[in-house]
Structure formats: structure tokens, C-alpha cells
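Participant: Just passing along the structure, written as C-alpha cells.
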Amino acid sequence: MTPAHRLCSENLSAGYEDRRVLEDVDFRVAEGRLTVLLGPNGSGKSTLLKTLARTLTPQRGRVLLDGHDIHRHRTRDVAQQLGILPQSPTAPEGITVRELVGMGRFPHQRLWRQWSTEDEEAVMEAMTVARVAEFAERPVDALSGGQRQRCWIAMVLAQNTDLILLDEPTTFLDLKVQVDLLELLVQLAHERGRTLLVVLHDLNLAAAHADILVMMRNGRIEHSGPPKAVFTSANLKRVFDLDAEVINAPNTGRPVCIPALGNASALGRRKEESFV
Ligand SMILES: Nc1ncnc2c1ncn2[C@@H]1O[C@H](COP(=O)(O)OP(=O)(O)OP(=O)(O)O)[C@@H](O)[C@H]1O
Ligand SMILES: [Mg+2]
């Protein structure tokens with residue numbers, strides 16, 4: 001095991017009861033990089049994240065954290081190394097933003113050291129970065145969907161782990177906040193050496209920010225590599241059944257997809273033209 005792959009899976013198969021979702025997934029999460037996981041609804045992205053984070057037990061194969069089966073590690077040790085934001089988290093009723101973000105510090109507390117200035121500072125920094133400090137004393141369930149999503153992101157950041165897994169963290173966020181978040185994730189990887197694995201649905205945002213893109217279909221990893229190599233018309237067709245042209249963005253050189261207009265859109269355009 002090279003130090004470049006702290007988290008990986010070997011022949012991993014996983015699912016729910018007798019239902020198999022992931023099939024023989026060999027996956028290495030690249031150290032200090034932003035990896036974005038893409039795939040159609042139901043392709044197994046959340047199942048893969050949950051299994052990598054030990055929330056779901058494999059049906060076959062293993063997940064290795066620092067070369068050892070993740071199920072052999074103690075829960076607290078895993079939580080000190082790896083933070084996960086699930087797809088649809090639910091907050092305890094009435095909890096304030098500060099309390100929720102503070103939950104990210106639990107793995108760092110000990111019987112003899114309950115709450116420290118270090119915890120306080122980590123919570124403050126995470127709230128500032130995720131731009132929720134102004135809501136600190138408000139109940140989480142009294143916030144908008146996007147504000148609430150940012151509180152969850154702050155909670156994971158407060159955990160201060162080297163490995164961060166985020167399942168659709170941009171849900172509910174307006175475009176500007178999505179871009180800001182992705183830039184923050186790039187910064188965490190490149191400037192602070194964090195290892196990030198993030199599920200996104202916005203193909204162009206993914207291609208614009210990821211160091212590595214991973215495309216899943218039917219519980220298998222179909223393509224993995226730098227956006228320039230992986231984000232192609234042929235792969236988008238194969239994985240998403242999407243007809244799209246891929247061009248290079250003039251400002252970044254990164255690939256951008258332009259979906260082909262189907263019959264419905266052409267019909268809409270004709271109707272619009274008839275109004276002019
Ligand atoms: N708790 C569960 N019990 C049974 N089946 C499940 C459960 N969660 C997910 N599945 C099934 O497993 C398959 C993969 O689901 P998963 O949530 O991993 O997909 P996904 O790629 O994350 O999709 P989405 O983009 O919609 O979030 C789907 O067919 C889904 O119906
Ligand atoms: Mg999902």
C-alpha cells in the first residue's frame with residue numbers, strides 16, 4: 001500500500017439485504033486531490049460513499065484505511081481521519097447551528113477533555129468558511145434549504161479530518177455559492193493536503209473543478225481520470241445516455257458539455273419564434 005492511497009477498496013461488492021448494488025469495485029481515492037464522482041440516479045454513488053465511510057458493511061471485498069480493513073479500526077479513530085456528509089442528513093429537532101457544527105468535534109473529545117479552545121476555534125473557523133456564522137444561534141430547522149446545507153458542510157469541516165466525503169453537498173445552493181464551495185474544496189485539497197471525494201450532479205461544475213473525475217454506471221466504475229481524458233461526448237453518452245457536445249472553456253481550457261436539444265426543446269423554440 002503506497003501512502004498515496006490512504007482510502008481504497010478491493011473487489012468491493014455492497015448493497016442492501018439481498019440486493020447487490022456495487023460490483024467488484026477497486027477504487028483508490030487520490031491523496032490531496034479533489035475527486036468528483038458522477039453517475040446517473042441509482043448508479044451506486046451514495047452506496048459507494050457509505051461503504052467507504054464504514055456506514056455500510058461490504059457484502060464482499062474490503063475497504064482499507066491506511067492499509068487496514070476499515071472495520072477493524074475503532075469508530076473514533078475512523079471519525080478522526082474521515083468525515084462524511086450523507087446525501088440527506090437530518091438534524092436533531094431544535095438544535096442550533098453552533099451546536100450542530102460542534103457535533104463535528106465529538107471524535108476529538110476525551111473523557112478528561114470535554115470542550116477546548118481548539119474545539120471552539122475549529123467550530124468558529126468552519127462556520128466562517130461555510131458562511132453560517134451569522135446564523136450561529138438560530139435553530140437549524142428555521143433556516144432555508146441552502147443555509148441548512150451550509151451548516152452541514154461546516155459540521156464536516158469542523159471535524160478537521162484529512163479525508164472528506166461529501167454526497168451532493170451543492171444541493172439547494174445557488175450557483176454562486178456552489179462555485180464558492182467548489183473553490184473552497186479545491187483549496188482544501190491543494191493548499192491543505194486534504195483528500196476529497198465528492199458526489200455532484202452538475203457535470204460542468206465537476207469538470208471545471210475536479211482533479212479526477214470518476215464516472216459510475218450500474219454499480220461499476222466505468223471511467224476514471226483527469227477531466228480532459230474522461231469528460232468526453234462518448235463517455236457522457238455511455239454513462240448518462242446524454243447526447244452532448246464537449247468543448248473547451250475559453251477561460252480555463254477545461255471541458256464543458258453542451259447538451260443537444262431534443263424534440264421537445266425544438267418544439268419550444270418554434271413556439272417562441274412564433275411570438276416574435
Ligand atoms: N436503503 C436502501 N435499501 C434498499 N435499496 C437501496 C437503499 N438505498 C439505495 N438503494 C438502491 O440502491 C441503488 C443505488 O442507490 P444509490 O443511493 O447508491 O444511488 P445514487 O447513485 O447515489 O443515486 P442518486 O443520484 O439518486 O443519489 C438504487 O437502485 C437504490 O434504489
Ligand atoms: Mg445518492
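Scheme for the C-alpha cells: letters A, B, ... for chains in order shown; per-chain residue numbers from 1; ligand numbers from 1 in order shown.
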Skip Ala189 (chain A) itself and residues of its chain fewer than 5 positions away, then list as an mmCIF file with N, CA and C atoms, in the first residue's frame all residues within 10 Å of it, counting only C-alpha atoms.
Facilitator:
data_model
loop_
_atom_site.group_PDB
_atom_site.id
_atom_site.type_symbol
_atom_site.label_atom_id
_atom_site.label_comp_id
_atom_site.auth_asym_id
_atom_site.auth_seq_id
_atom_site.Cartn_x
_atom_site.Cartn_y
_atom_site.Cartn_z
ATOM 1 N N GLU A 31 -4.750 10.909 -2.924
ATOM 2 C CA GLU A 31 -4.356 11.748 -1.784
ATOM 3 C C GLU A 31 -4.184 13.224 -2.193
ATOM 4 N N GLY A 32 -4.733 14.127 -1.380
ATOM 5 C CA GLY A 32 -4.521 15.563 -1.621
ATOM 6 C C GLY A 32 -5.145 16.069 -2.901
ATOM 7 N N ARG A 33 -6.180 15.369 -3.341
ATOM 8 C CA ARG A 33 -6.829 15.752 -4.597
ATOM 9 C C ARG A 33 -8.333 15.862 -4.391
ATOM 10 N N LEU A 34 -8.975 16.604 -5.302
ATOM 11 C CA LEU A 34 -10.435 16.648 -5.320
ATOM 12 C C LEU A 34 -10.906 15.658 -6.384
ATOM 13 N N THR A 35 -11.538 14.580 -5.927
ATOM 14 C CA THR A 35 -12.094 13.593 -6.853
ATOM 15 C C THR A 35 -13.603 13.784 -6.862
ATOM 16 N N ASP A 162 -8.520 14.517 7.498
ATOM 17 C CA ASP A 162 -7.754 14.555 6.247
ATOM 18 C C ASP A 162 -8.588 14.046 5.083
ATOM 19 N N LEU A 163 -9.500 13.112 5.382
ATOM 20 C CA LEU A 163 -10.335 12.529 4.329
ATOM 21 C C LEU A 163 -11.754 13.074 4.482
ATOM 22 N N ILE A 164 -12.275 13.626 3.406
ATOM 23 C CA ILE A 164 -13.619 14.225 3.474
ATOM 24 C C ILE A 164 -14.461 13.678 2.322
ATOM 25 N N GLU A 183 -14.634 25.961 -5.056
ATOM 26 C CA GLU A 183 -13.314 26.586 -4.959
ATOM 27 C C GLU A 183 -12.696 26.331 -3.588
ATOM 28 N N LEU A 184 -13.543 26.328 -2.575
ATOM 29 C CA LEU A 184 -13.057 26.019 -1.223
ATOM 30 C C LEU A 184 -12.526 24.575 -1.169
ATOM 31 N N ARG A 194 -5.813 18.079 1.940
ATOM 32 C CA ARG A 194 -6.950 17.208 2.271
ATOM 33 C C ARG A 194 -7.311 16.353 1.048
ATOM 34 N N THR A 195 -7.878 15.208 1.346
ATOM 35 C CA THR A 195 -8.300 14.281 0.293
ATOM 36 C C THR A 195 -9.819 14.318 0.233
ATOM 37 N N LEU A 196 -10.342 14.722 -0.916
ATOM 38 C CA LEU A 196 -11.800 14.903 -1.001
ATOM 39 C C LEU A 196 -12.414 14.018 -2.071
ATOM 40 N N ASP A 211 -9.875 17.375 -9.877
ATOM 41 C CA ASP A 211 -8.578 16.887 -10.350
ATOM 42 C C ASP A 211 -8.806 15.558 -11.060
#
Participant: Write out as a tab-separated table the residues of chain A that have any atom within 10 Å of an atom of ligand 2, one row each with the nearest atom pair and its distance in Å to one decimal, counting only C-alpha atoms and all ligand atoms, sorted by chain and then rising number.
Facilitator:
residue	atom	partner	partner_atom_place_in_ligand_line	distance
A:Leu38	CA	ligand 2	1 (Mg)	10.0
A:Gly39	CA	ligand 2	1 (Mg)	9.3
A:Pro40	CA	ligand 2	1 (Mg)	9.2
A:Asn41	CA	ligand 2	1 (Mg)	6.9
A:Gly42	CA	ligand 2	1 (Mg)	6.9
A:Ser43	CA	ligand 2	1 (Mg)	8.2
A:Gly44	CA	ligand 2	1 (Mg)	7.0
A:Lys45	CA	ligand 2	1 (Mg)	5.5
A:Ser46	CA	ligand 2	1 (Mg)	4.1
A:Thr47	CA	ligand 2	1 (Mg)	7.3
A:Leu48	CA	ligand 2	1 (Mg)	9.2
A:Leu49	CA	ligand 2	1 (Mg)	8.8
A:Lys50	CA	ligand 2	1 (Mg)	9.8
A:Pro86	CA	ligand 2	1 (Mg)	8.5
A:Gln87	CA	ligand 2	1 (Mg)	6.0
A:Ser88	CA	ligand 2	1 (Mg)	8.9
A:Asp167	CA	ligand 2	1 (Mg)	6.7
A:Glu168	CA	ligand 2	1 (Mg)	7.3
A:Val199	CA	ligand 2	1 (Mg)	7.7
A:Leu200	CA	ligand 2	1 (Mg)	9.2
A:His201	CA	ligand 2	1 (Mg)	9.6
Participant: Write out, as a compact mmCIF listing (two decimals), in the first residue's frame, the residues just selected, with all heavy atoms.
Facilitator:
# COMPACT_ATOMS: atom_id res chain seq x y z
N LEU A 38 -19.35 11.02 -10.46
CA LEU A 38 -20.53 11.33 -11.27
C LEU A 38 -21.23 10.04 -11.66
O LEU A 38 -20.60 8.99 -11.76
CB LEU A 38 -20.11 12.04 -12.56
CG LEU A 38 -19.38 13.37 -12.47
CD1 LEU A 38 -18.87 13.78 -13.86
CD2 LEU A 38 -20.29 14.45 -11.91
N GLY A 39 -22.52 10.15 -11.94
CA GLY A 39 -23.24 8.97 -12.42
C GLY A 39 -24.73 9.23 -12.35
O GLY A 39 -25.17 10.08 -11.57
N PRO A 40 -25.52 8.51 -13.14
CA PRO A 40 -26.97 8.74 -13.13
C PRO A 40 -27.58 8.38 -11.78
O PRO A 40 -26.94 7.68 -10.97
CB PRO A 40 -27.50 7.80 -14.21
CG PRO A 40 -26.33 7.15 -14.84
CD PRO A 40 -25.10 7.46 -14.07
N ASN A 41 -28.81 8.80 -11.55
CA ASN A 41 -29.54 8.43 -10.33
C ASN A 41 -29.55 6.91 -10.22
O ASN A 41 -29.78 6.20 -11.20
CB ASN A 41 -30.99 8.92 -10.40
CG ASN A 41 -31.10 10.43 -10.31
OD1 ASN A 41 -31.82 11.06 -11.07
ND2 ASN A 41 -30.39 11.04 -9.39
N GLY A 42 -29.29 6.44 -9.01
CA GLY A 42 -29.37 5.00 -8.77
C GLY A 42 -28.15 4.22 -9.22
O GLY A 42 -28.14 2.99 -9.16
N SER A 43 -27.08 4.91 -9.66
CA SER A 43 -25.92 4.17 -10.18
C SER A 43 -25.02 3.63 -9.07
O SER A 43 -24.10 2.86 -9.34
CB SER A 43 -25.11 5.05 -11.14
OG SER A 43 -24.75 6.26 -10.51
N GLY A 44 -25.25 4.08 -7.83
CA GLY A 44 -24.49 3.50 -6.72
C GLY A 44 -23.50 4.45 -6.05
O GLY A 44 -22.67 4.02 -5.25
N LYS A 45 -23.59 5.75 -6.36
CA LYS A 45 -22.63 6.72 -5.81
C LYS A 45 -22.72 6.79 -4.28
O LYS A 45 -21.72 6.70 -3.58
CB LYS A 45 -22.87 8.12 -6.42
CG LYS A 45 -22.83 8.14 -7.93
CD LYS A 45 -23.14 9.51 -8.49
CE LYS A 45 -24.53 10.05 -8.18
NZ LYS A 45 -25.65 9.27 -8.75
N SER A 46 -23.95 6.95 -3.78
CA SER A 46 -24.11 7.06 -2.31
C SER A 46 -23.74 5.75 -1.64
O SER A 46 -23.15 5.74 -0.56
CB SER A 46 -25.56 7.41 -1.95
OG SER A 46 -25.89 8.66 -2.47
N THR A 47 -24.07 4.64 -2.29
CA THR A 47 -23.72 3.33 -1.73
C THR A 47 -22.20 3.21 -1.62
O THR A 47 -21.69 2.73 -0.60
CB THR A 47 -24.32 2.21 -2.61
OG1 THR A 47 -25.72 2.45 -2.76
CG2 THR A 47 -24.09 0.84 -2.02
N LEU A 48 -21.49 3.68 -2.64
CA LEU A 48 -20.03 3.62 -2.58
C LEU A 48 -19.50 4.51 -1.45
O LEU A 48 -18.64 4.08 -0.67
CB LEU A 48 -19.43 4.05 -3.94
CG LEU A 48 -17.90 4.07 -4.00
CD1 LEU A 48 -17.30 2.71 -3.66
CD2 LEU A 48 -17.40 4.52 -5.37
N LEU A 49 -20.01 5.72 -1.34
CA LEU A 49 -19.54 6.62 -0.28
C LEU A 49 -19.81 6.02 1.10
O LEU A 49 -18.94 6.03 1.97
CB LEU A 49 -20.24 7.99 -0.39
CG LEU A 49 -19.30 9.14 -0.72
CD1 LEU A 49 -18.71 8.94 -2.10
CD2 LEU A 49 -20.00 10.48 -0.65
N LYS A 50 -21.01 5.48 1.28
CA LYS A 50 -21.36 4.91 2.60
C LYS A 50 -20.46 3.73 2.93
O LYS A 50 -20.06 3.54 4.07
CB LYS A 50 -22.83 4.45 2.61
CG LYS A 50 -23.82 5.62 2.70
CD LYS A 50 -25.24 5.13 2.88
CE LYS A 50 -25.92 4.86 1.57
NZ LYS A 50 -27.34 4.50 1.67
N PRO A 86 -23.61 12.80 4.55
CA PRO A 86 -24.50 11.95 3.76
C PRO A 86 -25.43 12.78 2.88
O PRO A 86 -25.50 14.00 3.01
CB PRO A 86 -25.29 11.17 4.82
CG PRO A 86 -25.01 11.81 6.12
CD PRO A 86 -23.91 12.81 5.97
N GLN A 87 -26.15 12.08 2.00
CA GLN A 87 -26.97 12.79 1.00
C GLN A 87 -28.11 13.57 1.63
O GLN A 87 -28.38 14.70 1.22
CB GLN A 87 -27.49 11.79 -0.04
CG GLN A 87 -28.20 12.47 -1.19
CD GLN A 87 -28.41 11.53 -2.36
OE1 GLN A 87 -27.96 10.39 -2.36
NE2 GLN A 87 -29.10 12.00 -3.38
N SER A 88 -28.83 12.98 2.58
CA SER A 88 -29.96 13.69 3.18
C SER A 88 -29.85 13.65 4.69
O SER A 88 -30.57 12.89 5.35
CB SER A 88 -31.29 13.06 2.75
OG SER A 88 -31.31 12.88 1.37
N ASP A 167 -21.60 13.89 -0.06
CA ASP A 167 -22.58 13.36 -1.01
C ASP A 167 -23.54 14.48 -1.42
O ASP A 167 -24.40 14.89 -0.64
CB ASP A 167 -23.36 12.20 -0.35
CG ASP A 167 -24.05 11.33 -1.39
OD1 ASP A 167 -24.16 11.77 -2.56
OD2 ASP A 167 -24.48 10.21 -1.04
N GLU A 168 -23.35 14.99 -2.60
CA GLU A 168 -24.17 16.08 -3.16
C GLU A 168 -24.21 17.30 -2.24
O GLU A 168 -25.29 17.74 -1.84
CB GLU A 168 -25.58 15.58 -3.48
CG GLU A 168 -25.55 14.47 -4.52
CD GLU A 168 -26.91 14.20 -5.14
OE1 GLU A 168 -27.72 15.13 -5.18
OE2 GLU A 168 -27.14 13.07 -5.57
N VAL A 199 -19.63 13.76 -4.43
CA VAL A 199 -20.62 13.41 -5.44
C VAL A 199 -21.28 14.70 -5.92
O VAL A 199 -21.72 15.52 -5.11
CB VAL A 199 -21.72 12.48 -4.86
CG1 VAL A 199 -22.81 12.21 -5.90
CG2 VAL A 199 -21.12 11.17 -4.37
N LEU A 200 -21.33 14.87 -7.24
CA LEU A 200 -22.01 16.04 -7.81
C LEU A 200 -22.90 15.59 -8.95
O LEU A 200 -22.65 14.55 -9.57
CB LEU A 200 -21.00 17.04 -8.38
CG LEU A 200 -20.04 17.76 -7.43
CD1 LEU A 200 -19.14 18.68 -8.24
CD2 LEU A 200 -20.78 18.57 -6.37
N HIS A 201 -23.93 16.39 -9.25
CA HIS A 201 -24.73 16.13 -10.44
C HIS A 201 -24.45 17.12 -11.55
O HIS A 201 -24.74 16.85 -12.71
CB HIS A 201 -26.22 16.13 -10.11
CG HIS A 201 -26.69 14.79 -9.63
ND1 HIS A 201 -26.65 13.67 -10.41
CD2 HIS A 201 -27.17 14.39 -8.43
CE1 HIS A 201 -27.11 12.63 -9.72
NE2 HIS A 201 -27.41 13.04 -8.51
Participant: Report the residues of region 62-232 of chain A whose backbone DSSP state falls under alpha helix (DSSP H), written as a ChimeraX atom specification.
Facilitator: /A:75-81,97-103,117-129,145-158,175-192,203-209,227-230
Participant: Print the selection's residues with C-alpha atoms to a file, as a PDB file, in the first residue's frame.
Facilitator:
ATOM      1  CA  THR A  75     -15.129   4.112  15.370  1.00  0.00           C
ATOM      2  CA  ARG A  76     -13.477   7.122  17.000  1.00  0.00           C
ATOM      3  CA  ASP A  77     -10.226   6.535  15.091  1.00  0.00           C
ATOM      4  CA  VAL A  78     -12.108   6.412  11.794  1.00  0.00           C
ATOM      5  CA  ALA A  79     -14.010   9.591  12.694  1.00  0.00           C
ATOM      6  CA  GLN A  80     -10.747  11.384  13.426  1.00  0.00           C
ATOM      7  CA  GLN A  81      -9.474  10.503   9.950  1.00  0.00           C
ATOM      8  CA  VAL A  97     -26.273  25.977  14.106  1.00  0.00           C
ATOM      9  CA  ARG A  98     -23.411  26.292  16.608  1.00  0.00           C
ATOM     10  CA  GLU A  99     -24.469  23.055  18.335  1.00  0.00           C
ATOM     11  CA  LEU A 100     -24.739  21.181  15.028  1.00  0.00           C
ATOM     12  CA  VAL A 101     -21.326  22.344  13.856  1.00  0.00           C
ATOM     13  CA  GLY A 102     -19.977  21.484  17.327  1.00  0.00           C
ATOM     14  CA  MET A 103     -21.068  17.867  16.780  1.00  0.00           C
ATOM     15  CA  THR A 117     -10.392  26.355  22.899  1.00  0.00           C
ATOM     16  CA  GLU A 118      -9.204  24.237  19.979  1.00  0.00           C
ATOM     17  CA  ASP A 119     -12.764  22.903  19.537  1.00  0.00           C
ATOM     18  CA  GLU A 120     -14.146  26.422  19.845  1.00  0.00           C
ATOM     19  CA  GLU A 121     -11.744  27.732  17.208  1.00  0.00           C
ATOM     20  CA  ALA A 122     -12.431  24.833  14.831  1.00  0.00           C
ATOM     21  CA  VAL A 123     -16.197  25.459  15.079  1.00  0.00           C
ATOM     22  CA  MET A 124     -15.757  29.200  14.510  1.00  0.00           C
ATOM     23  CA  GLU A 125     -13.461  28.682  11.537  1.00  0.00           C
ATOM     24  CA  ALA A 126     -15.779  26.100   9.947  1.00  0.00           C
ATOM     25  CA  MET A 127     -18.810  28.378  10.408  1.00  0.00           C
ATOM     26  CA  THR A 128     -16.918  31.300   8.870  1.00  0.00           C
ATOM     27  CA  VAL A 129     -15.685  29.298   5.885  1.00  0.00           C
ATOM     28  CA  GLY A 145     -32.527  24.729   2.423  1.00  0.00           C
ATOM     29  CA  GLY A 146     -29.263  26.271   1.180  1.00  0.00           C
ATOM     30  CA  GLN A 147     -28.373  27.785   4.549  1.00  0.00           C
ATOM     31  CA  ARG A 148     -29.032  24.438   6.225  1.00  0.00           C
ATOM     32  CA  GLN A 149     -26.839  22.637   3.682  1.00  0.00           C
ATOM     33  CA  ARG A 150     -24.002  25.039   4.508  1.00  0.00           C
ATOM     34  CA  CYS A 151     -24.381  24.192   8.226  1.00  0.00           C
ATOM     35  CA  TRP A 152     -23.830  20.515   7.435  1.00  0.00           C
ATOM     36  CA  ILE A 153     -20.765  21.374   5.386  1.00  0.00           C
ATOM     37  CA  ALA A 154     -19.492  23.404   8.361  1.00  0.00           C
ATOM     38  CA  MET A 155     -20.049  20.398  10.623  1.00  0.00           C
ATOM     39  CA  VAL A 156     -17.895  18.178   8.417  1.00  0.00           C
ATOM     40  CA  LEU A 157     -15.209  20.874   8.150  1.00  0.00           C
ATOM     41  CA  ALA A 158     -15.163  21.281  11.953  1.00  0.00           C
ATOM     42  CA  LEU A 175     -24.918  28.872  -8.360  1.00  0.00           C
ATOM     43  CA  LYS A 176     -22.595  31.451  -6.803  1.00  0.00           C
ATOM     44  CA  VAL A 177     -22.485  29.505  -3.510  1.00  0.00           C
ATOM     45  CA  GLN A 178     -21.897  26.249  -5.442  1.00  0.00           C
ATOM     46  CA  VAL A 179     -18.910  27.779  -7.227  1.00  0.00           C
ATOM     47  CA  ASP A 180     -17.575  29.216  -3.951  1.00  0.00           C
ATOM     48  CA  LEU A 181     -17.927  25.820  -2.284  1.00  0.00           C
ATOM     49  CA  LEU A 182     -16.098  24.019  -5.081  1.00  0.00           C
ATOM     50  CA  GLU A 183     -13.314  26.586  -4.959  1.00  0.00           C
ATOM     51  CA  LEU A 184     -13.057  26.019  -1.223  1.00  0.00           C
ATOM     52  CA  LEU A 185     -12.820  22.257  -1.782  1.00  0.00           C
ATOM     53  CA  VAL A 186     -10.050  22.727  -4.369  1.00  0.00           C
ATOM     54  CA  GLN A 187      -8.229  24.945  -1.870  1.00  0.00           C
ATOM     55  CA  LEU A 188      -8.606  22.360   0.919  1.00  0.00           C
ATOM     56  CA  ALA A 189      -7.066  19.739  -1.356  1.00  0.00           C
ATOM     57  CA  HIS A 190      -4.276  21.761  -2.935  1.00  0.00           C
ATOM     58  CA  GLU A 191      -3.282  24.044  -0.071  1.00  0.00           C
ATOM     59  CA  ARG A 192      -4.066  21.919   2.964  1.00  0.00           C
ATOM     60  CA  LEU A 203     -21.380  17.907 -14.935  1.00  0.00           C
ATOM     61  CA  ASN A 204     -19.807  21.219 -15.925  1.00  0.00           C
ATOM     62  CA  LEU A 205     -19.042  22.300 -12.367  1.00  0.00           C
ATOM     63  CA  ALA A 206     -17.481  18.889 -11.808  1.00  0.00           C
ATOM     64  CA  ALA A 207     -15.338  19.113 -14.950  1.00  0.00           C
ATOM     65  CA  ALA A 208     -14.302  22.669 -14.071  1.00  0.00           C
ATOM     66  CA  HIS A 209     -13.038  21.847 -10.583  1.00  0.00           C
ATOM     67  CA  PRO A 227     -11.378  15.677 -16.765  1.00  0.00           C
ATOM     68  CA  LYS A 228      -9.656  16.177 -20.133  1.00  0.00           C
ATOM     69  CA  ALA A 229      -9.339  12.408 -20.560  1.00  0.00           C
ATOM     70  CA  VAL A 230     -12.677  11.326 -19.100  1.00  0.00           C
TER      71      VAL A 230
END
Participant: Using only C-alpha atoms and all ligand atoms, which of the listed residues (A:Leu64, A:Ala210, A:Leu143, A:Met216) sits closest to ligand 1?
Facilitator: A:Met216
Participant: Taking the backbone alone, and naming residues the way the document does, which bits of region 168-245 of chain A are strand (DSSP E) by DSSP, as a compact mmCIF listing (two decimals) with C-alpha atoms, in the first residue's frame?
Facilitator:
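The result, stored in result01.txt:
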# COMPACT_ATOMS: atom_id res chain seq x y z
CA THR A 195 -8.30 14.28 0.29
CA LEU A 196 -11.80 14.90 -1.00
CA LEU A 197 -14.30 12.61 -2.66
CA VAL A 198 -17.44 14.48 -3.66
CA VAL A 199 -20.62 13.41 -5.44
CA ILE A 212 -10.02 13.46 -11.04
CA LEU A 213 -13.43 12.52 -12.40
CA VAL A 214 -14.94 9.13 -11.72
CA MET A 215 -18.00 8.03 -13.69
CA MET A 216 -20.23 5.26 -12.33
CA ARG A 217 -22.96 3.29 -14.02
CA ARG A 220 -19.45 -0.13 -11.53
CA ILE A 221 -16.76 2.44 -12.17
CA GLU A 222 -16.74 3.00 -15.92
CA HIS A 223 -14.18 5.79 -16.29
CA SER A 224 -11.69 7.48 -14.02
CA GLY A 225 -9.03 10.10 -14.73
CA ALA A 244 -23.88 16.38 -25.76
CA GLU A 245 -21.08 18.20 -27.45
Participant: Which residue gives the smallest distance to ligand 1 among A:Leu7, A:Leu242, A:Leu166, A:Val29, with only C-alpha atoms and all ligand atoms counted?
Facilitator: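 Closest to ligand 1 of all the choices is A:Leu166.
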Participant: Measure the distance from atom 30 (C, counted along the ligand's line) of ligand 1 to CA of Val21 (chain A) in Å and round it to one decimal.
Facilitator: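 Between atom 30 (C, counted along the ligand's line) of ligand 1 and CA of Val21 (chain A) the gap works out to 7.7 Å.
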Participant: Between A:Val63, A:Ala133, A:Val239, A:Ala142, which one has atoms that come closest to ligand 1, using only C-alpha atoms and all ligand atoms?
Facilitator: A:Val239
Participant: Using only C-alpha atoms, pick whichever of A:Cys8, A:Ala14, A:Val140, A:Leu22 has the shortest atom-to-atom distance to Ala91 (chain A).
Facilitator: A:Val140
Participant: Which value, in Å to one decimal, gives the distance between CA of Asp66 (chain A) and CA of Val36 (chain A)?
Facilitator: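 Rounded to one decimal, the two atoms are 21.1 Å apart.
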Participant: Taking only C-alpha atoms and all ligand atoms into account, name the residue in A:Phe240, A:Phe135, A:Asn251, A:Glu93 that is nearest to ligand 1.
Facilitator: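 The closest residue to ligand 1 is A:Phe240.
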Participant: From the list A:Thr252, A:Asn235, A:Thr171, A:Ser9, which residue is nearest Arg28 (chain A) when using only C-alpha atoms?
Facilitator: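 Checking each candidate against Arg28 (chain A), we get A:Ser9 as the closest.
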